[in-house]
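For reference, the structure discussed in these notes is given below.
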Amino acid sequence: MHQIIVYPVGNGDTSQIILENGKRILFDFRHLKKTENGEGPEINLKDRLKDELKKADKKSFDVVAFSHSDADHIENSTEFFELWHADKYQGEGRIKIDELWVPAAMILETASNEEQSAEFVIWRQEARHRLKKGKGIRIFSKPEKLKDWLEENDLTLDSRRSFITDAGKVAPGFTLVGDGVEFFCHSPFIKHVDEEDILRNEAALIFNIRFQADSNTYDYLYVGDSQWDVLEDIVKISKDHKREDRVEWDIYNIPHHCSYKALSDEKGDTETTPKPLVKELLLYGKEGAYEVCSSDPIDNSKEARGQKQPPHIQAKKCYERYLKEVEGAKFLVTMEEPNKEKPEPIVFNIDADGIVLKGPKRESAITIITSSPAPRAG
Amino acid sequence: MEIDLFSFGDPLPDLNPGHLNYAISRKVLSLCAASKDFEVVQLGRLLRNDKTWDLIIVDCVNDQVASRNAVGIKVRERLALIFEPEVLPEVRALRKDFPLVPHLNHVPANEPFSLCLYFEPWSTLKRTWTPQKHLQRILWWLTETSKEKLHRDDQPPEPLYFDSPFQIVLPLDFEEKMDNPDLVLMPIPIPITEQPCIDFKVIRGVFQNKTHIKTRGPEKKNVLSVPIIGPGFGRYDFRGGLFAPIVQPEKTQALHYELLAVKISPIVHGVIEQHPNTLGQLHDQIERRGESILVKLKDAIKERARGGISRNALNRCLLMLWVPMKGSNESKTERRNRYAFELKTDLTNLGEVTGTLQRNHDEKFYPIALLDAANEDQAERWRQVEVFPITVSTELDKDFARVASGINIHTSDFKGVLAGVGALGSTLAELWAKEHWGEWSLIDPDFIKPHNIIRHIAKDVHVGCFKADVVKCMMEANYAPDYYHTIALSKHANDLDADEVKNAILTADFFVDATTTIEVPRDLSQRDDVPRSVSVFLTPSGRCSVLLIEPADRSLRLDALEAQYYRGIIASEWGAEHLNTNEGSLRVGSGCRDVSVIMSSEAIELHAALLARQIRLLRDRPESHIRVWSADFETGALTTHEVPVDPSGRFSCGDWQVILDRGIQKKLYELRKIRLPNETGGVILGYIDHKLSHIYIVDVLQAPPDSDGGQTGFTRGVEGLKAVLDEVARRTASIVGYLGEWHSHPAFTSPYPSPLDRALIEQLSHTLSLEGQPALMVIIGSSGDVSLSVKEG
């Protein structure tokens, strides 16, 4: 059985794939300091991940992938992981990363002076360090700028080619036969990175992650923060290459905390209308499919409809409409499962019978009442 | 993605809860609206059976259903939730290709499947049912059903069909007799009045002789001699003064069924089929498994119609289908399933539409010689014949009764004699009959008197009948007629001069004494040719029960165990109140012996259930036991007391036999030892059976404090002795009393009586002769040997 775990980290992202063979692939990392003092409702991610590794008797992740370097995808990660490029990021208790996956943009980004201590710069240093060493790194996409950077650092493209995976290719290291999974890279495209200003969201990682269990395969469309035009490109390119199967999905990781911008440039009053190719993408959902949205709870109020920052209720309604149309299952929000007060990670179990949500332990009302003090009587 | 759905009920304009008639459905609607697992699609209404039903059409989105499960349950299922406050809530799966899975209710053709969610009837369920639990239950049903793994080889094959709401109960010898052309199976419905729309749930099949039926008029045919007990039959009848089920021809209307039996070759199990609604569907279902029923059905029709049959439009056909199922093509038949279908047509019509019968000039129908006489039109008409499923079960048989009772089937076949079928004995008999434990002869000379009904399994109709006959009848009535047999002997169980009694006891493997007499166990204990015996009884208060069982080798007999039981009463704390009569007694007639104890049937059944099991369990073990149970009627607590059993000897002293056990000998030895080098002694307790000339030693008392024991003699004192004897008499219902004296001899001496001793017994016997009782003297010598002297004055 394979598992996908999506952690409740507020309007940010952290998810993990645990393969039947025990390999662990972590996507993004957002730890909120306040959770260390027991403040929620977000999860204390550090404790949770350490606990999971301890139970599995592991000290490292096989892969840690950063979809892009926005703070809500890397927050406090440089305190958690062991980094190779400087001693101060090493020491007891830090979690090792066997292989670091980043989009090319994370190597190439420039930073202003005041940003030099920011975490994205630290990760850039780490990625560059690993690429130079030729070890423990995978870069997605191969823009001209990357060639330039290599040359500036006295490296040739040929010597580093094996660490680079282009869009439209499957990342080496995992196979359907050997691991029951493969990572097909949709994005970033070269054009995203070679444009004058690197736009992080447009250059973020997007994968078709395909799982296999017995003879059944399941498709997980993993999207970091992305926008409708990128998604339309992906649909178009996939269709052009007759690779529609790579945009079909059993689980869709809703981009950018349910921002309408992943559907269209217009939010809509009550419901976002998706751009035509995005609509096609939504209709590529398979029967019984899930949508999982890593975000704060999504309310349906006047205030919520007016809010600028995601999540956008109008977008949620759009997702739900098409999910129903494909006879899909549920639209799940990380900060709402099983309840808004104390959300728990959403766990999908995947085996030959299909995808099942790992059920919350249903406690009887009596157990709940009797396991804690009763309210004070007057 | 288009899903083909049933439309069910009449849709309501919108989702306004006000459209719904019932609070229960409005509650469910609001729960669905708030639920993550249910999406309300539409409201509706259904008119059915003169009732209005609320419908809530929902999409049940169940994240615990695996998205590609092999069973075919979908994560998103369209369901109709149906409510009417007086009826069990119903749930229909509206998807037309909803898989045929276990636990579906039977529904009419072309209706959506109905999920079988609950085991309990609504009357019970509604005490714990809540709308919340109902929705949980639906999710649970779908989840569990979706997990049904495909059939593994080590599981028994699935039946072809699930049970239908109706049953036919077949006689045990059905298969033996079904092919007998002289017999016809008469299906007799057992009417139930509570459900006017369905007038029966169970049909009992009874074989009748065909010729016998033909001699009667059609309106009162065949049922007169059919003994059926059913809930609709009401009162019972006398047969020769005995309890027997009444037969009321006007009520026991026979269904006019013609039996058509079809056996097919084994088929490989697969998915469970939905009950067919027409003969054509049934035929196709079987044909898909590679077998055909049509030819065999035609043969059966011809067979039934041999000699010509008349049309009776009211008649129906009953198709019995034998379907041996196997796990795979290679495997042996693993399971034989029988199915029955009511064909909604009479035999003549069925014969016509199948092209097997034709009307002759005498208006009767006869088999057509050649099959091809039927034209093509007719060849398809049989397909339309409506069929209705009837579940087949068989009358209770021995093996099932034993297995279902959880008794040891390896030791349950034996011949037993149950002596005494009064309150306790009859209840034991009934319990053992239900377990089919043993094969019994019942011996009891008594007959049922009105007051016996209070504690006996007999009913008012049995007053005046012999108890043995009544109990036989009641035991046998647990099974189909002529299946279970007992022998009833209205005699005394110790009257072995009576040949039947002697024959019954001497050929038996086990003898149960429930006579609550002293004489039966004592008398039978004297015979070596009697089987291993057990004696059980209740104490007069009904509070305690007692079981004495001989060892398998009969090295100890009931009479010796009886003596040791009394010692237990005397020596134990529980013995103080054991034989008390708490409630007193009642006079039930004018004679001196017409006295009945006050005791409820509750006490009898409590102890009978306990004793029935104990006897059954202890019979499987070789050793001897004395067990006593005391009930505390206030709290219901039951305490077991095990009385130690000692080997016992039978010693002849002139005309008398003295029964002395190892326990007494040991006690004498100990008492002597304590007093050495002096002599000691005391009183012997016991009782005498003058008929048997037996002296039973129960216990020996130690020397009263004022006794005088020296190295050369012993004089028993009297201090406290009367009080002890009085207490012994009280505890043992005056059975145990003074028998004589015992004393010890000093070191290096034999137990042989000295001249002084002879003088002692002489004097004792002289005094005891006033009571007609012999005197007993017991001497224990230095080696532990004991001498016994009996002297009649």
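A note on labels: chains of the structure tokens are A, B, ... as shown, every chain counts residues from 1, and ligands are counted from 1 in their shown order.
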
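All residues of protein, DNA or RNA that reach within 7 Å of Gln227 in chain A, judged by only C-alpha atoms and not counting those fewer than 5 positions away in the chain, are Glu202, Lys261 and Ala262 of chain A.
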
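Contact shell of Leu332 in chain A at 9 Å (only C-alpha atoms; same-chain neighbours under 2 positions omitted): Tyr290, Glu291, Val292, Cys293, Ser294, Lys330, Thr334, Met335, Glu336, Glu337 and Ile346 of chain A.
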
Let's have the selection written as an mmCIF file, in the first residue's frame, with C-alpha atoms.
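Listing of part33.cif after writing:
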```
data_model
loop_
_atom_site.group_PDB
_atom_site.id
_atom_site.type_symbol
_atom_site.label_atom_id
_atom_site.label_comp_id
_atom_site.auth_asym_id
_atom_site.auth_seq_id
_atom_site.Cartn_x
_atom_site.Cartn_y
_atom_site.Cartn_z
ATOM 1 C CA TYR A 290 -10.353 13.486 -4.885
ATOM 2 C CA GLU A 291 -9.310 17.084 -4.792
ATOM 3 C CA VAL A 292 -7.138 18.072 -1.900
ATOM 4 C CA CYS A 293 -6.560 21.700 -1.080
ATOM 5 C CA SER A 294 -3.807 22.739 1.276
ATOM 6 C CA LYS A 330 -14.661 14.874 -2.294
ATOM 7 C CA THR A 334 -6.376 20.331 4.925
ATOM 8 C CA MET A 335 -7.403 22.741 7.679
ATOM 9 C CA GLU A 336 -10.956 21.340 7.770
ATOM 10 C CA GLU A 337 -10.276 17.612 8.185
ATOM 11 C CA ILE A 346 -5.234 13.771 5.355
#
```

Listing only residues of chain A within 10 Å of chain B, what is the closest atom pair and its distance in Å (to one decimal) for each, using only C-alpha atoms, sorted by chain and residue number ascending, as a Markdown table?
```
| residue | atom | partner | partner_atom | distance |
| --- | --- | --- | --- | --- |
| A:Asn216 | CA | B:Arg68 | CA | 8.6 |
| A:Tyr218 | CA | B:Arg68 | CA | 9.8 |
| A:Asp250 | CA | B:Ser67 | CA | 8.8 |
| A:Leu283 | CA | B:Met1 | CA | 9.8 |
| A:Lys286 | CA | B:Met1 | CA | 9.5 |
| A:Glu287 | CA | B:Ser67 | CA | 7.6 |
| A:Gly288 | CA | B:Ser67 | CA | 5.3 |
| A:Ala289 | CA | B:Ser67 | CA | 7.4 |
| A:Tyr290 | CA | B:Asp63 | CA | 9.1 |
| A:Lys324 | CA | B:Arg76 | CA | 8.9 |
| A:Glu325 | CA | B:Met1 | CA | 7.2 |
| A:Val326 | CA | B:Met1 | CA | 6.0 |
| A:Glu327 | CA | B:Arg76 | CA | 6.5 |
| A:Gly328 | CA | B:Arg76 | CA | 6.9 |
| A:Ala329 | CA | B:Val61 | CA | 5.7 |
| A:Lys330 | CA | B:Val61 | CA | 7.1 |
| A:Phe331 | CA | B:Lys36 | CA | 9.5 |
| A:Leu332 | CA | B:Lys36 | CA | 9.5 |
| A:Pro338 | CA | B:Lys36 | CA | 9.9 |
| A:Phe348 | CA | B:Asp63 | CA | 9.5 |
| A:Asn349 | CA | B:Ala66 | CA | 8.8 |
| A:Ile350 | CA | B:Ala66 | CA | 8.3 |
| A:Asp351 | CA | B:Ala66 | CA | 8.5 |
| A:Ala352 | CA | B:Arg68 | CA | 7.7 |
| A:Asp353 | CA | B:Asn69 | CA | 4.3 |
| A:Gly354 | CA | B:Arg68 | CA | 4.4 |
| A:Ile355 | CA | B:Ala66 | CA | 4.9 |
| A:Val356 | CA | B:Ala66 | CA | 4.7 |
| A:Leu357 | CA | B:Asp63 | CA | 5.3 |
| A:Lys358 | CA | B:Gln64 | CA | 7.2 |
| A:Gly359 | CA | B:Gln64 | CA | 6.7 |
```

Could the residues in this selection be written to a file with N, CA and C atoms, as a compact mmCIF listing (two decimals), in the first residue's frame?
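Once written, out-v4.txt looks like this:
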```
# COMPACT_ATOMS: atom_id res chain seq x y z
N ASN A 216 -3.42 -2.04 -11.32
CA ASN A 216 -4.06 -0.73 -11.38
C ASN A 216 -3.04 0.41 -11.23
N TYR A 218 -2.72 4.74 -10.64
CA TYR A 218 -3.46 5.89 -10.12
C TYR A 218 -2.61 7.13 -10.37
N ASP A 250 -6.49 11.00 -10.37
CA ASP A 250 -7.31 10.41 -9.30
C ASP A 250 -7.27 11.31 -8.07
N LEU A 283 -11.97 18.23 -16.02
CA LEU A 283 -12.77 17.10 -16.51
C LEU A 283 -11.93 15.86 -16.81
N LYS A 286 -10.88 11.45 -12.75
CA LYS A 286 -11.49 10.13 -12.95
C LYS A 286 -12.60 9.89 -11.93
N GLU A 287 -13.41 8.87 -12.21
CA GLU A 287 -14.49 8.54 -11.29
C GLU A 287 -13.91 8.23 -9.91
N GLY A 288 -14.53 8.77 -8.89
CA GLY A 288 -14.07 8.53 -7.52
C GLY A 288 -12.84 9.35 -7.15
N ALA A 289 -12.52 10.36 -7.95
CA ALA A 289 -11.30 11.13 -7.71
C ALA A 289 -11.49 12.13 -6.56
N TYR A 290 -10.35 12.52 -5.98
CA TYR A 290 -10.35 13.49 -4.89
C TYR A 290 -9.62 14.76 -5.30
N LYS A 324 -18.03 16.81 -9.27
CA LYS A 324 -19.30 16.10 -9.29
C LYS A 324 -19.58 15.59 -10.70
N GLU A 325 -19.25 16.42 -11.66
CA GLU A 325 -19.51 16.06 -13.04
C GLU A 325 -18.76 14.80 -13.45
N VAL A 326 -17.56 14.62 -12.90
CA VAL A 326 -16.79 13.41 -13.26
C VAL A 326 -17.07 12.28 -12.28
N GLU A 327 -18.16 12.43 -11.48
CA GLU A 327 -18.48 11.41 -10.47
C GLU A 327 -17.34 11.23 -9.49
N GLY A 328 -16.69 12.33 -9.19
CA GLY A 328 -15.59 12.29 -8.24
C GLY A 328 -16.10 12.19 -6.82
N ALA A 329 -15.15 12.11 -5.89
CA ALA A 329 -15.52 11.91 -4.50
C ALA A 329 -15.64 13.26 -3.76
N LYS A 330 -14.54 13.73 -3.17
CA LYS A 330 -14.66 14.87 -2.29
C LYS A 330 -13.59 15.92 -2.56
N PHE A 331 -13.94 17.15 -2.23
CA PHE A 331 -12.99 18.25 -2.21
C PHE A 331 -12.59 18.42 -0.75
N LEU A 332 -11.34 18.15 -0.44
CA LEU A 332 -10.92 18.15 0.95
C LEU A 332 -10.00 19.34 1.22
N PRO A 338 -10.23 16.43 10.31
CA PRO A 338 -11.66 16.11 10.25
C PRO A 338 -12.52 17.28 10.74
N PHE A 348 -4.23 9.41 2.25
CA PHE A 348 -4.83 8.56 1.22
C PHE A 348 -4.07 7.24 1.20
N ASN A 349 -4.78 6.16 1.32
CA ASN A 349 -4.16 4.84 1.16
C ASN A 349 -4.45 4.36 -0.25
N ILE A 350 -3.42 3.88 -0.90
CA ILE A 350 -3.59 3.47 -2.30
C ILE A 350 -3.16 2.02 -2.44
N ASP A 351 -4.10 1.19 -2.85
CA ASP A 351 -3.73 -0.20 -3.15
C ASP A 351 -4.53 -0.68 -4.34
N ALA A 352 -4.48 -1.98 -4.59
CA ALA A 352 -5.10 -2.52 -5.80
C ALA A 352 -6.59 -2.22 -5.88
N ASP A 353 -7.25 -2.04 -4.72
CA ASP A 353 -8.68 -1.77 -4.71
C ASP A 353 -8.99 -0.30 -4.98
N GLY A 354 -7.96 0.53 -4.95
CA GLY A 354 -8.23 1.93 -5.21
C GLY A 354 -7.73 2.81 -4.09
N ILE A 355 -8.31 4.00 -4.07
CA ILE A 355 -7.88 5.01 -3.11
C ILE A 355 -8.93 5.10 -2.01
N VAL A 356 -8.45 5.02 -0.79
CA VAL A 356 -9.35 5.14 0.35
C VAL A 356 -8.76 6.18 1.28
N LEU A 357 -9.64 7.01 1.78
CA LEU A 357 -9.20 7.96 2.78
C LEU A 357 -9.04 7.21 4.08
N LYS A 358 -7.88 7.39 4.72
CA LYS A 358 -7.71 6.72 6.00
C LYS A 358 -8.66 7.38 6.98
N GLY A 359 -9.60 6.57 7.47
CA GLY A 359 -10.68 7.13 8.27
C GLY A 359 -10.17 7.67 9.59
```

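Distance check against Asp70 in chain A using only C-alpha atoms: of A:Lys316, A:Lys342, A:His256, A:Lys239, the minimum falls on A:His256.
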
Do you know which residues are at most 8 Å from Trp249 in chain A counting only C-alpha atoms, after dropping those on the same chain fewer than 3 positions away, and could you put them as a compact mmCIF listing (two decimals) with C-alpha atoms, in the first residue's frame?
```txt
# COMPACT_ATOMS: atom_id res chain seq x y z
CA TYR A 218 -3.46 5.89 -10.12
CA ASP A 219 -2.54 9.40 -11.12
CA TYR A 220 -1.76 12.15 -8.66
CA LEU A 221 -1.52 15.57 -10.22
CA ARG A 246 -0.52 12.44 -17.93
CA TYR A 252 -5.60 16.67 -7.77
CA TYR A 284 -9.77 14.82 -16.76
CA GLY A 285 -10.62 13.80 -13.21
CA LYS A 286 -11.49 10.13 -12.95
CA ALA A 289 -11.30 11.13 -7.71
```

If you run DSSP on this backbone, which residues of range 421-571 of chain B come out as strand (DSSP E or B), and could you give them as a PDB file with C-alpha atoms, in the first residue's frame?
```
ATOM      1  CA  GLU B 439     -32.539 -42.372  23.415  1.00  0.00           C
ATOM      2  CA  TRP B 440     -34.839 -42.713  26.335  1.00  0.00           C
ATOM      3  CA  SER B 441     -37.174 -45.071  28.096  1.00  0.00           C
ATOM      4  CA  LEU B 442     -39.329 -43.301  30.621  1.00  0.00           C
ATOM      5  CA  ILE B 443     -40.556 -45.117  33.695  1.00  0.00           C
ATOM      6  CA  PHE B 447     -50.492 -40.021  36.454  1.00  0.00           C
ATOM      7  CA  PHE B 466     -49.823 -41.315  32.770  1.00  0.00           C
ATOM      8  CA  ILE B 487     -40.587 -45.610  25.253  1.00  0.00           C
ATOM      9  CA  ALA B 488     -43.047 -44.928  28.039  1.00  0.00           C
ATOM     10  CA  LEU B 489     -43.574 -47.434  30.842  1.00  0.00           C
ATOM     11  CA  PHE B 510     -27.295 -45.329  31.543  1.00  0.00           C
ATOM     12  CA  PHE B 511     -29.874 -45.020  34.277  1.00  0.00           C
ATOM     13  CA  VAL B 512     -31.106 -41.691  35.580  1.00  0.00           C
ATOM     14  CA  ASP B 513     -33.043 -41.751  38.796  1.00  0.00           C
ATOM     15  CA  SER B 533     -26.629 -44.839  37.446  1.00  0.00           C
ATOM     16  CA  VAL B 534     -27.090 -41.286  38.541  1.00  0.00           C
ATOM     17  CA  SER B 535     -29.570 -39.973  41.040  1.00  0.00           C
ATOM     18  CA  VAL B 536     -30.804 -36.393  41.166  1.00  0.00           C
ATOM     19  CA  PHE B 537     -33.317 -34.620  43.339  1.00  0.00           C
ATOM     20  CA  LEU B 538     -34.289 -31.284  44.766  1.00  0.00           C
ATOM     21  CA  CYS B 544     -30.842 -27.014  46.680  1.00  0.00           C
ATOM     22  CA  SER B 545     -30.324 -29.819  44.249  1.00  0.00           C
ATOM     23  CA  VAL B 546     -28.236 -32.938  44.594  1.00  0.00           C
ATOM     24  CA  LEU B 547     -26.487 -35.218  42.140  1.00  0.00           C
ATOM     25  CA  LEU B 548     -24.995 -38.607  42.962  1.00  0.00           C
ATOM     26  CA  ILE B 549     -23.296 -40.440  40.122  1.00  0.00           C
TER      27      ILE B 549
END
```
